[in-house]
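Structure file upload.txt; described as compact mmCIF, C-alpha atoms.
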```txt
# COMPACT_ATOMS: atom_id res chain seq x y z
CA MET R 25 0.00 0.00 0.00
CA SER R 26 1.35 3.47 -0.87
CA ARG R 27 2.35 5.83 1.89
CA ILE R 28 -0.11 8.52 2.81
CA ASN R 29 0.99 12.09 2.27
CA PHE R 30 -1.08 15.05 3.39
CA ASP R 31 1.28 17.75 2.05
CA ASN R 32 -1.30 19.12 -0.38
CA LEU R 33 -3.99 19.14 2.29
CA ILE R 34 -1.65 20.91 4.70
CA ASN R 35 -0.98 23.59 2.09
CA GLU R 36 -4.72 24.11 1.71
CA HIS R 37 -5.47 23.91 5.44
CA PRO R 38 -2.39 25.12 7.32
CA GLU R 39 -4.49 25.59 10.47
CA SER R 40 -4.77 21.80 10.72
CA LYS R 41 -1.10 21.10 9.98
CA ARG R 42 -0.19 19.53 13.32
CA ALA R 43 -3.22 17.25 13.45
CA LEU R 44 -2.82 16.27 9.80
CA ARG R 45 0.86 15.39 10.34
CA GLU R 46 -0.04 13.29 13.39
CA LEU R 47 -2.78 11.49 11.48
CA GLU R 48 -0.50 11.00 8.49
CA GLY R 49 2.08 9.40 10.79
CA TRP R 50 -0.53 7.17 12.43
CA LEU R 51 -1.96 6.06 9.08
CA ASN R 52 1.50 5.24 7.75
CA GLN R 53 2.24 3.21 10.87
CA HIS R 54 -1.07 1.35 10.48
CA GLU R 55 -1.13 0.76 6.75
CA ASP R 56 -3.53 -2.15 7.10
CA ALA R 57 -6.13 -0.16 9.01
CA THR R 58 -9.15 0.35 6.81
CA VAL R 59 -11.43 1.60 9.58
CA LEU R 60 -10.55 4.47 11.92
CA TYR R 61 -12.08 4.90 15.38
CA PRO R 62 -11.83 8.43 16.82
CA SER R 63 -11.43 7.10 20.37
CA VAL R 64 -8.45 4.97 19.31
CA LEU R 65 -6.89 7.84 17.36
CA ALA R 66 -7.32 10.12 20.39
CA ARG R 67 -5.49 7.58 22.56
CA GLU R 68 -2.71 6.85 20.11
CA THR R 69 -1.97 10.34 18.84
CA ARG R 70 -1.33 13.63 20.59
CA ILE R 71 -4.29 15.35 18.94
CA ASP R 72 -6.85 16.95 21.24
CA PRO R 73 -10.48 15.82 20.75
CA VAL R 74 -11.69 18.99 19.04
CA SER R 75 -8.78 19.16 16.58
CA LEU R 76 -9.17 15.46 15.87
CA ALA R 77 -12.89 15.87 15.15
CA VAL R 78 -12.23 18.85 12.89
CA THR R 79 -9.45 17.03 11.03
CA LEU R 80 -11.45 13.83 10.52
CA THR R 81 -14.34 15.93 9.22
CA LEU R 82 -11.93 17.70 6.88
CA LEU R 83 -10.71 14.35 5.58
CA VAL R 84 -14.31 13.30 4.96
CA LYS R 85 -14.93 16.47 2.96
CA GLU R 86 -11.75 15.88 0.98
CA GLY R 87 -12.87 12.35 0.14
CA VAL R 88 -10.06 10.63 2.05
CA LEU R 89 -12.46 9.10 4.58
CA ARG R 90 -16.12 8.11 4.66
CA ARG R 91 -18.04 8.57 7.90
CA VAL R 92 -20.66 6.11 9.12
CA TYR R 93 -22.35 5.59 12.47
CA LYS R 94 -22.41 2.30 14.32
CA VAL R 95 -23.89 1.29 17.67
CA THR R 96 -22.50 -0.82 20.47
CA THR R 97 -24.21 -4.06 21.45
CA PRO R 98 -24.94 -4.83 25.13
CA ASN R 99 -21.62 -6.75 25.11
CA GLY R 100 -19.79 -3.55 24.26
CA VAL R 101 -18.74 -4.52 20.74
CA LEU R 102 -19.88 -2.72 17.63
CA ALA R 103 -22.83 -4.16 15.73
CA ASP R 104 -22.23 -4.77 12.04
CA ASP R 105 -24.87 -2.37 10.73
CA GLU R 106 -23.71 1.05 9.58
CA PHE R 107 -25.73 4.22 9.09
CA ASP R 108 -24.91 7.41 7.21
CA ASP R 109 -27.17 9.39 9.54
CA PRO R 110 -27.59 8.63 13.27
CA ARG R 111 -31.33 9.30 12.93
CA GLN R 112 -31.58 6.15 10.82
CA ILE R 113 -30.59 3.92 13.74
CA PRO R 114 -33.62 1.73 14.50
CA GLU R 115 -34.95 0.74 17.92
CA GLN R 116 -33.58 -2.78 17.54
CA LEU R 117 -30.59 -4.19 15.71
CA PRO R 118 -29.05 -7.63 15.31
CA ASP R 119 -25.79 -8.29 17.14
CA ARG R 120 -23.01 -10.40 15.61
CA ARG R 121 -24.92 -13.59 16.45
CA GLN R 122 -28.05 -12.20 14.82
CA HIS R 123 -29.85 -11.75 18.15
CA TYR R 124 -31.80 -8.52 18.22
CA PHE R 125 -31.04 -6.05 21.01
CA PRO R 126 -32.68 -2.71 21.89
CA THR R 127 -30.50 0.23 20.86
CA ALA R 128 -31.98 2.69 23.37
CA GLU R 129 -28.94 2.59 25.67
CA SER R 130 -26.34 1.89 22.98
CA ASP R 131 -23.44 4.20 22.27
CA VAL R 132 -23.62 5.85 18.86
CA VAL R 133 -20.10 5.63 17.48
CA PRO R 134 -18.82 7.62 14.51
CA VAL R 135 -16.51 5.39 12.47
CA PHE R 136 -14.39 6.34 9.46
CA HIS R 137 -13.63 4.11 6.51
CA LYS R 138 -10.58 4.77 4.39
CA VAL R 139 -11.66 5.53 0.85
CA ALA R 140 -9.56 3.52 -1.57
CA MET Q 169 -13.58 25.29 19.23
CA ASP Q 170 -14.44 25.65 22.90
CA GLU Q 171 -18.13 25.82 21.98
CA LEU Q 172 -17.88 22.38 20.37
CA LEU Q 173 -16.34 20.94 23.51
CA ALA Q 174 -18.99 22.65 25.63
CA GLU Q 175 -21.76 21.26 23.42
CA ALA Q 176 -20.29 17.75 23.60
CA ARG Q 177 -20.10 17.96 27.40
CA GLU Q 178 -23.63 19.30 27.63
CA LEU Q 179 -24.83 16.40 25.47
CA HIS Q 180 -22.85 14.00 27.68
CA ARG Q 181 -24.50 15.51 30.77
CA ARG Q 182 -27.95 14.99 29.25
CA ILE Q 183 -27.10 11.36 28.48
CA ILE Q 184 -25.81 10.71 32.00
CA GLN Q 185 -29.04 12.11 33.42
CA ASP Q 186 -31.13 9.75 31.31
CA PRO Q 187 -28.93 6.88 30.04
CA GLN Q 188 -31.91 4.75 29.07
CA ARG Q 189 -32.64 7.29 26.31
CA LYS Q 190 -29.06 7.62 25.10
CA ARG Q 191 -29.72 6.87 21.44
CA GLN Q 192 -32.84 9.02 21.39
CA ILE Q 193 -31.06 11.99 23.02
CA ILE Q 194 -28.31 11.78 20.40
CA GLN Q 195 -30.85 11.51 17.59
CA GLU Q 196 -32.83 14.48 18.93
CA PHE Q 197 -29.65 16.55 19.25
CA TYR Q 198 -28.60 15.66 15.71
CA ASP Q 199 -32.05 16.40 14.35
CA GLU Q 200 -32.17 19.81 16.05
CA LYS Q 201 -28.79 20.75 14.62
CA VAL Q 202 -29.63 19.59 11.11
CA LYS Q 203 -32.88 21.54 11.18
CA ALA Q 204 -30.91 24.59 12.30
CA GLY Q 205 -28.55 24.12 9.33
CA GLN Q 206 -25.68 22.96 11.59
CA ARG Q 207 -25.09 19.40 10.42
CA ASP Q 208 -21.31 19.89 10.53
CA THR Q 209 -21.50 21.01 14.15
CA ALA Q 210 -23.64 18.01 15.04
CA GLU Q 211 -21.15 15.63 13.45
CA LEU Q 212 -18.19 17.27 15.16
CA VAL Q 213 -19.96 17.15 18.51
CA LEU Q 214 -20.74 13.44 18.10
CA ILE Q 215 -17.07 12.68 17.38
CA ILE Q 216 -15.94 14.70 20.42
CA LEU Q 217 -18.61 13.04 22.57
CA ASN Q 218 -17.40 9.59 21.47
CA ILE Q 219 -13.77 10.49 22.24
CA GLU Q 220 -14.60 11.95 25.64
CA MET Q 221 -16.81 9.02 26.63
CA ALA Q 222 -14.14 6.50 25.60
CA ASN Q 223 -11.22 8.47 27.06
CA PRO Q 224 -12.54 10.45 30.04
CA PRO Q 225 -10.34 13.52 30.56
CA ASN Q 226 -10.14 12.85 34.32
CA ASN Q 227 -9.00 9.25 33.84
CA PRO Q 228 -6.49 8.76 36.69
CA SER Q 229 -4.10 6.68 34.58
CA GLN Q 230 -3.92 9.45 32.00
CA GLY Q 231 -3.64 12.17 34.61
CA ALA Q 232 -0.74 10.65 36.54
CA PRO Q 233 2.15 13.11 36.49
CA LYS Q 234 5.35 11.99 34.79
CA TRP Q 235 7.46 12.66 37.89
CA LEU Q 236 5.51 10.02 39.80
CA GLN Q 237 7.28 7.15 38.06
CA LYS Q 238 10.68 8.72 38.75
CA ALA Q 239 9.72 9.18 42.40
CA GLY Q 240 8.69 5.52 42.52
CA ILE Q 241 12.07 4.45 41.13
CA ALA Q 242 13.83 6.65 43.70
CA PHE Q 243 11.85 5.18 46.60
CA GLY Q 244 12.43 1.65 45.31
CA ALA Q 245 16.16 2.27 44.98
CA PHE Q 246 16.35 3.84 48.45
CA THR Q 247 14.51 0.90 50.02
CA LEU Q 248 16.76 -1.55 48.20
CA LEU Q 249 19.93 0.26 49.36
CA PHE Q 250 18.59 0.42 52.91
CA PHE Q 251 18.06 -3.32 53.05
CA MET Q 252 21.33 -4.05 51.27
CA ALA Q 253 23.04 -2.00 53.97
CA ILE Q 254 21.28 -4.09 56.63
CA VAL Q 255 22.47 -7.28 54.95
CA LEU Q 256 26.06 -5.97 54.82
CA LEU Q 257 25.87 -4.92 58.46
CA GLY Q 258 24.51 -8.38 59.29
CA ILE Q 259 27.49 -9.98 57.51
CA ALA Q 260 29.78 -7.68 59.52
CA GLY Q 261 28.23 -9.00 62.69
CA ARG Q 262 25.92 -6.08 63.52
CA GLU Q 263 22.48 -7.66 63.35
CA VAL Q 264 19.17 -5.80 63.65
CA PRO Q 265 17.99 -5.90 67.28
CA PRO Q 266 14.69 -7.81 67.72
CA SER Q 267 13.04 -4.69 69.18
CA THR Q 268 13.41 -2.83 65.86
CA LYS Q 269 11.95 -5.56 63.69
CA PHE Q 270 8.56 -3.86 63.69
CA ALA Q 271 10.09 -0.60 62.45
CA LEU Q 272 12.05 -2.52 59.82
CA VAL Q 273 8.90 -4.13 58.45
CA ALA Q 274 7.21 -0.73 58.48
CA VAL Q 275 10.09 0.75 56.45
CA LEU Q 276 9.85 -2.17 54.02
CA GLY Q 277 6.08 -1.70 53.69
CA LEU Q 278 6.23 2.07 53.25
CA GLY Q 279 9.16 1.89 50.83
CA SER Q 280 7.34 -0.71 48.73
CA ALA Q 281 4.13 1.30 48.89
CA PHE Q 282 5.71 4.56 47.70
CA SER Q 283 7.55 2.83 44.88
CA ALA Q 284 4.59 0.65 43.86
CA SER Q 285 2.11 3.53 43.83
CA ALA Q 286 3.96 4.92 40.85
CA TRP Q 287 3.76 1.67 38.92
CA ILE Q 288 0.50 -0.07 39.61
CA GLY Q 289 -3.15 0.63 40.28
CA SER Q 290 -4.19 -2.29 42.43
CA VAL Q 291 -2.94 -5.32 44.25
CA THR Q 292 -4.76 -8.50 45.15
CA LEU Q 293 -3.40 -11.22 47.34
CA SER Q 294 -5.18 -14.36 48.37
CA GLY Q 295 -4.15 -17.64 49.85
CA ASP Q 296 -3.47 -19.54 53.01
CA LEU Q 297 -1.67 -16.79 54.88
CA ALA Q 298 -1.72 -16.67 58.64
CA SER Q 299 -3.30 -13.41 59.74
CA PRO Q 300 -1.89 -11.76 62.86
CA LYS Q 301 -4.97 -12.31 65.06
CA ASN Q 302 -6.06 -15.78 64.07
CA GLN Q 303 -4.98 -18.64 61.88
CA LYS Q 304 -7.74 -18.35 59.28
CA PRO Q 305 -6.76 -17.87 55.66
CA LEU Q 306 -6.37 -14.25 54.69
CA PHE Q 307 -7.64 -12.62 51.53
CA VAL Q 308 -6.56 -9.08 50.75
CA THR Q 309 -7.79 -6.79 48.02
CA ALA Q 310 -6.91 -3.13 48.02
CA ALA Q 311 -5.74 -0.48 45.62
CA GLY Q 312 -2.49 1.30 44.83
CA GLY Q 313 0.35 2.04 47.22
CA PHE Q 314 -1.86 1.59 50.26
CA ALA Q 315 -2.58 -1.97 49.14
CA THR Q 316 1.10 -2.66 48.74
CA PHE Q 317 1.80 -1.32 52.22
CA ILE Q 318 -0.92 -3.46 53.80
CA ILE Q 319 0.15 -6.61 51.97
CA VAL Q 320 3.90 -6.17 52.54
CA PHE Q 321 3.31 -5.21 56.17
CA ILE Q 322 1.10 -8.24 56.90
CA LEU Q 323 3.48 -10.56 55.04
CA GLY Q 324 6.49 -9.08 56.86
CA TYR Q 325 4.74 -9.33 60.21
CA SER Q 326 3.66 -12.93 59.54
CA LEU Q 327 6.98 -14.17 58.20
CA TYR Q 328 9.58 -12.08 60.02
CA ILE Q 329 8.23 -10.89 63.34
CA ARG Q 330 5.93 -13.71 64.51
```
Could you render the structure as structure tokens?
Amino acid sequence: MSRINFDNLINEHPESKRALRELEGWLNQHEDATVLYPSVLARETRIDPVSLAVTLTLLVKEGVLRRVYKVTTPNGVLADDEFDDPRQIPEQLPDRRQHYFPTAESDVVPVFHKVA
Amino acid sequence: MDELLAEARELHRRIIQDPQRKRQIIQEFYDEKVKAGQRDTAELVLIILNIEMANPPNNPSQGAPKWLQKAGIAFGAFTLLFFMAIVLLGIAGREVPPSTKFALVAVLGLGSAFSASAWIGSVTLSGDLASPKNQKPLFVTAAGGFATFIIVFILGYSLYIR
């Protein structure tokens, strides 16, 4: 897989230079990662939550990432279903063993897919 | 920027107050923002909310100051040197008087506690240990340096003083 380079993006958005460099470094260290979790990125980079959110949103707008929403099952893992809009999340969803669980108390988790 | 953080924390507060409606609260928030033409804000706030819920800013393990580990190493080294000196003195024929054994165990316990508090969060010890007051098995569970002190002190008392 080719190395990720955000130089052009940094030229266009110098205000996000530090966060973009951090993310670029993380992505190059995790070349196999096709899905990005903001909570993991926050733990493994030195980007503050607001800058990370802004930068991920910027990468979505630039077509580098695609955002979807997932929900956690009662076991704390993410259910397979993905939604483009959190309002589409239904009252019940199947977990990984196809048992339906109520989503009322589930976490709504923004997840980012790398766009090939 | 600060407004986004404030909005995420306000949303988090609303969820904590009514966790059984977590999904609905998030959906209502998102819907309000979209209707107000602030979809970007809603999406940013949901990312920040997710980060803050997964990595609470007041998480003790994240908030531990960097000097604490160095202090732990220093206390560990001091305790080690202290006991090495006692061993050397013992070899030279100057043994620890029986009346100071209690203080020695206390030094061992406190030294271990101060050094361990910088390294670990909790200690659990269970097994067939003789407790000071009776002979029933002892089970100990405590947290941090205090736990280390209690466990080392009881072990030292049981094995060295009694």
If we count all atoms listed in the file, what is near segment 250-262 of chain Q at a cut-off of 10 Å, once residues fewer than 6 positions away on the same chain are taken out, given as a compact mmCIF listing (two decimals) with C-alpha atoms, in the coordinates of the input?
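Contents of the output file out.txt:
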```txt
# COMPACT_ATOMS: atom_id res chain seq x y z
CA GLY Q 244 12.43 1.65 45.31
CA LEU Q 272 12.05 -2.52 59.82
CA VAL Q 275 10.09 0.75 56.45
CA LEU Q 276 9.85 -2.17 54.02
CA GLY Q 279 9.16 1.89 50.83
```
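Across R:Leu44, R:Ala128, R:Ile28, R:Val139, the tightest approach to Leu82 of chain R is made by R:Leu44 when counting all atoms listed in the file.
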- Residues of chain Q within 12 Å of chain R, only C-alpha atoms counted, as a count of residues only: 50
- Item | Å distance separating atom CA of Gln206 of chain Q from atom CA of His137 of chain R, one decimal place |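 Taking atom CA of Gln206 of chain Q as the start and atom CA of His137 of chain R as the end point, the length is 22.9 Å.
Atom CA of Lys138 of chain R is positioned 10.5 Å from atom CA of Glu55 of chain R.
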Complete segment 61-95 of chain R with N, CA and C atoms (output as a PDB file, in the frame of the given file).
```pdb
ATOM      1  N   TYR R  61     -11.199   4.602  14.248  1.00  0.00           N
ATOM      2  CA  TYR R  61     -12.080   4.900  15.380  1.00  0.00           C
ATOM      3  C   TYR R  61     -11.533   6.135  16.089  1.00  0.00           C
ATOM      4  N   PRO R  62     -12.337   7.197  16.190  1.00  0.00           N
ATOM      5  CA  PRO R  62     -11.830   8.430  16.820  1.00  0.00           C
ATOM      6  C   PRO R  62     -11.262   8.194  18.219  1.00  0.00           C
ATOM      7  N   SER R  63     -11.910   7.319  18.995  1.00  0.00           N
ATOM      8  CA  SER R  63     -11.430   7.100  20.370  1.00  0.00           C
ATOM      9  C   SER R  63     -10.036   6.477  20.371  1.00  0.00           C
ATOM     10  N   VAL R  64      -9.785   5.600  19.405  1.00  0.00           N
ATOM     11  CA  VAL R  64      -8.450   4.970  19.310  1.00  0.00           C
ATOM     12  C   VAL R  64      -7.430   6.008  18.844  1.00  0.00           C
ATOM     13  N   LEU R  65      -7.808   6.805  17.857  1.00  0.00           N
ATOM     14  CA  LEU R  65      -6.890   7.840  17.360  1.00  0.00           C
ATOM     15  C   LEU R  65      -6.558   8.828  18.472  1.00  0.00           C
ATOM     16  N   ALA R  66      -7.567   9.161  19.288  1.00  0.00           N
ATOM     17  CA  ALA R  66      -7.320  10.120  20.390  1.00  0.00           C
ATOM     18  C   ALA R  66      -6.325   9.544  21.383  1.00  0.00           C
ATOM     19  N   ARG R  67      -6.412   8.228  21.604  1.00  0.00           N
ATOM     20  CA  ARG R  67      -5.490   7.580  22.560  1.00  0.00           C
ATOM     21  C   ARG R  67      -4.087   7.461  21.987  1.00  0.00           C
ATOM     22  N   GLU R  68      -4.015   7.199  20.694  1.00  0.00           N
ATOM     23  CA  GLU R  68      -2.710   6.850  20.110  1.00  0.00           C
ATOM     24  C   GLU R  68      -2.012   8.007  19.411  1.00  0.00           C
ATOM     25  N   THR R  69      -2.650   9.157  19.382  1.00  0.00           N
ATOM     26  CA  THR R  69      -1.970  10.340  18.840  1.00  0.00           C
ATOM     27  C   THR R  69      -2.008  11.428  19.903  1.00  0.00           C
ATOM     28  N   ARG R  70      -1.332  12.530  19.616  1.00  0.00           N
ATOM     29  CA  ARG R  70      -1.330  13.630  20.590  1.00  0.00           C
ATOM     30  C   ARG R  70      -2.284  14.738  20.138  1.00  0.00           C
ATOM     31  N   ILE R  71      -3.340  14.345  19.438  1.00  0.00           N
ATOM     32  CA  ILE R  71      -4.290  15.350  18.940  1.00  0.00           C
ATOM     33  C   ILE R  71      -5.423  15.497  19.958  1.00  0.00           C
ATOM     34  N   ASP R  72      -5.752  16.747  20.289  1.00  0.00           N
ATOM     35  CA  ASP R  72      -6.850  16.950  21.240  1.00  0.00           C
ATOM     36  C   ASP R  72      -8.172  16.611  20.557  1.00  0.00           C
ATOM     37  N   PRO R  73      -9.219  16.295  21.348  1.00  0.00           N
ATOM     38  CA  PRO R  73     -10.480  15.820  20.750  1.00  0.00           C
ATOM     39  C   PRO R  73     -11.090  16.754  19.715  1.00  0.00           C
ATOM     40  N   VAL R  74     -11.056  18.056  19.986  1.00  0.00           N
ATOM     41  CA  VAL R  74     -11.690  18.990  19.040  1.00  0.00           C
ATOM     42  C   VAL R  74     -10.913  19.028  17.728  1.00  0.00           C
ATOM     43  N   SER R  75      -9.590  19.124  17.816  1.00  0.00           N
ATOM     44  CA  SER R  75      -8.780  19.160  16.580  1.00  0.00           C
ATOM     45  C   SER R  75      -8.923  17.849  15.808  1.00  0.00           C
ATOM     46  N   LEU R  76      -9.008  16.752  16.539  1.00  0.00           N
ATOM     47  CA  LEU R  76      -9.170  15.460  15.870  1.00  0.00           C
ATOM     48  C   LEU R  76     -10.502  15.401  15.128  1.00  0.00           C
ATOM     49  N   ALA R  77     -11.560  15.865  15.788  1.00  0.00           N
ATOM     50  CA  ALA R  77     -12.890  15.870  15.150  1.00  0.00           C
ATOM     51  C   ALA R  77     -12.878  16.745  13.903  1.00  0.00           C
ATOM     52  N   VAL R  78     -12.278  17.918  14.035  1.00  0.00           N
ATOM     53  CA  VAL R  78     -12.230  18.850  12.890  1.00  0.00           C
ATOM     54  C   VAL R  78     -11.430  18.231  11.739  1.00  0.00           C
ATOM     55  N   THR R  79     -10.318  17.589  12.076  1.00  0.00           N
ATOM     56  CA  THR R  79      -9.450  17.030  11.030  1.00  0.00           C
ATOM     57  C   THR R  79     -10.109  15.822  10.353  1.00  0.00           C
ATOM     58  N   LEU R  80     -10.756  14.977  11.138  1.00  0.00           N
ATOM     59  CA  LEU R  80     -11.450  13.830  10.520  1.00  0.00           C
ATOM     60  C   LEU R  80     -12.563  14.316   9.597  1.00  0.00           C
ATOM     61  N   THR R  81     -13.266  15.371  10.049  1.00  0.00           N
ATOM     62  CA  THR R  81     -14.340  15.930   9.220  1.00  0.00           C
ATOM     63  C   THR R  81     -13.771  16.528   7.931  1.00  0.00           C
ATOM     64  N   LEU R  82     -12.609  17.159   8.063  1.00  0.00           N
ATOM     65  CA  LEU R  82     -11.930  17.700   6.880  1.00  0.00           C
ATOM     66  C   LEU R  82     -11.584  16.580   5.898  1.00  0.00           C
ATOM     67  N   LEU R  83     -11.089  15.476   6.443  1.00  0.00           N
ATOM     68  CA  LEU R  83     -10.710  14.350   5.580  1.00  0.00           C
ATOM     69  C   LEU R  83     -11.932  13.710   4.917  1.00  0.00           C
ATOM     70  N   VAL R  84     -13.070  13.788   5.586  1.00  0.00           N
ATOM     71  CA  VAL R  84     -14.310  13.300   4.960  1.00  0.00           C
ATOM     72  C   VAL R  84     -14.671  14.216   3.784  1.00  0.00           C
ATOM     73  N   LYS R  85     -14.577  15.516   4.025  1.00  0.00           N
ATOM     74  CA  LYS R  85     -14.930  16.470   2.960  1.00  0.00           C
ATOM     75  C   LYS R  85     -13.986  16.362   1.771  1.00  0.00           C
ATOM     76  N   GLU R  86     -12.743  16.000   2.059  1.00  0.00           N
ATOM     77  CA  GLU R  86     -11.750  15.880   0.980  1.00  0.00           C
ATOM     78  C   GLU R  86     -11.818  14.515   0.293  1.00  0.00           C
ATOM     79  N   GLY R  87     -12.697  13.655   0.783  1.00  0.00           N
ATOM     80  CA  GLY R  87     -12.870  12.350   0.140  1.00  0.00           C
ATOM     81  C   GLY R  87     -11.846  11.309   0.553  1.00  0.00           C
ATOM     82  N   VAL R  88     -11.071  11.601   1.580  1.00  0.00           N
ATOM     83  CA  VAL R  88     -10.060  10.630   2.050  1.00  0.00           C
ATOM     84  C   VAL R  88     -10.745   9.568   2.919  1.00  0.00           C
ATOM     85  N   LEU R  89     -11.737  10.001   3.684  1.00  0.00           N
ATOM     86  CA  LEU R  89     -12.460   9.100   4.580  1.00  0.00           C
ATOM     87  C   LEU R  89     -13.955   9.165   4.307  1.00  0.00           C
ATOM     88  N   ARG R  90     -14.644   8.115   4.741  1.00  0.00           N
ATOM     89  CA  ARG R  90     -16.120   8.110   4.660  1.00  0.00           C
ATOM     90  C   ARG R  90     -16.648   7.842   6.064  1.00  0.00           C
ATOM     91  N   ARG R  91     -17.542   8.719   6.541  1.00  0.00           N
ATOM     92  CA  ARG R  91     -18.040   8.570   7.900  1.00  0.00           C
ATOM     93  C   ARG R  91     -19.326   7.746   7.921  1.00  0.00           C
ATOM     94  N   VAL R  92     -19.414   6.839   8.867  1.00  0.00           N
ATOM     95  CA  VAL R  92     -20.660   6.110   9.120  1.00  0.00           C
ATOM     96  C   VAL R  92     -20.867   6.090  10.643  1.00  0.00           C
ATOM     97  N   TYR R  93     -22.056   5.727  11.044  1.00  0.00           N
ATOM     98  CA  TYR R  93     -22.350   5.590  12.470  1.00  0.00           C
ATOM     99  C   TYR R  93     -22.680   4.137  12.767  1.00  0.00           C
ATOM    100  N   LYS R  94     -22.123   3.663  13.872  1.00  0.00           N
ATOM    101  CA  LYS R  94     -22.410   2.300  14.320  1.00  0.00           C
ATOM    102  C   LYS R  94     -22.909   2.389  15.760  1.00  0.00           C
ATOM    103  N   VAL R  95     -23.457   1.293  16.264  1.00  0.00           N
ATOM    104  CA  VAL R  95     -23.890   1.290  17.670  1.00  0.00           C
ATOM    105  C   VAL R  95     -23.250   0.100  18.384  1.00  0.00           C
TER     106      VAL R  95
END
```
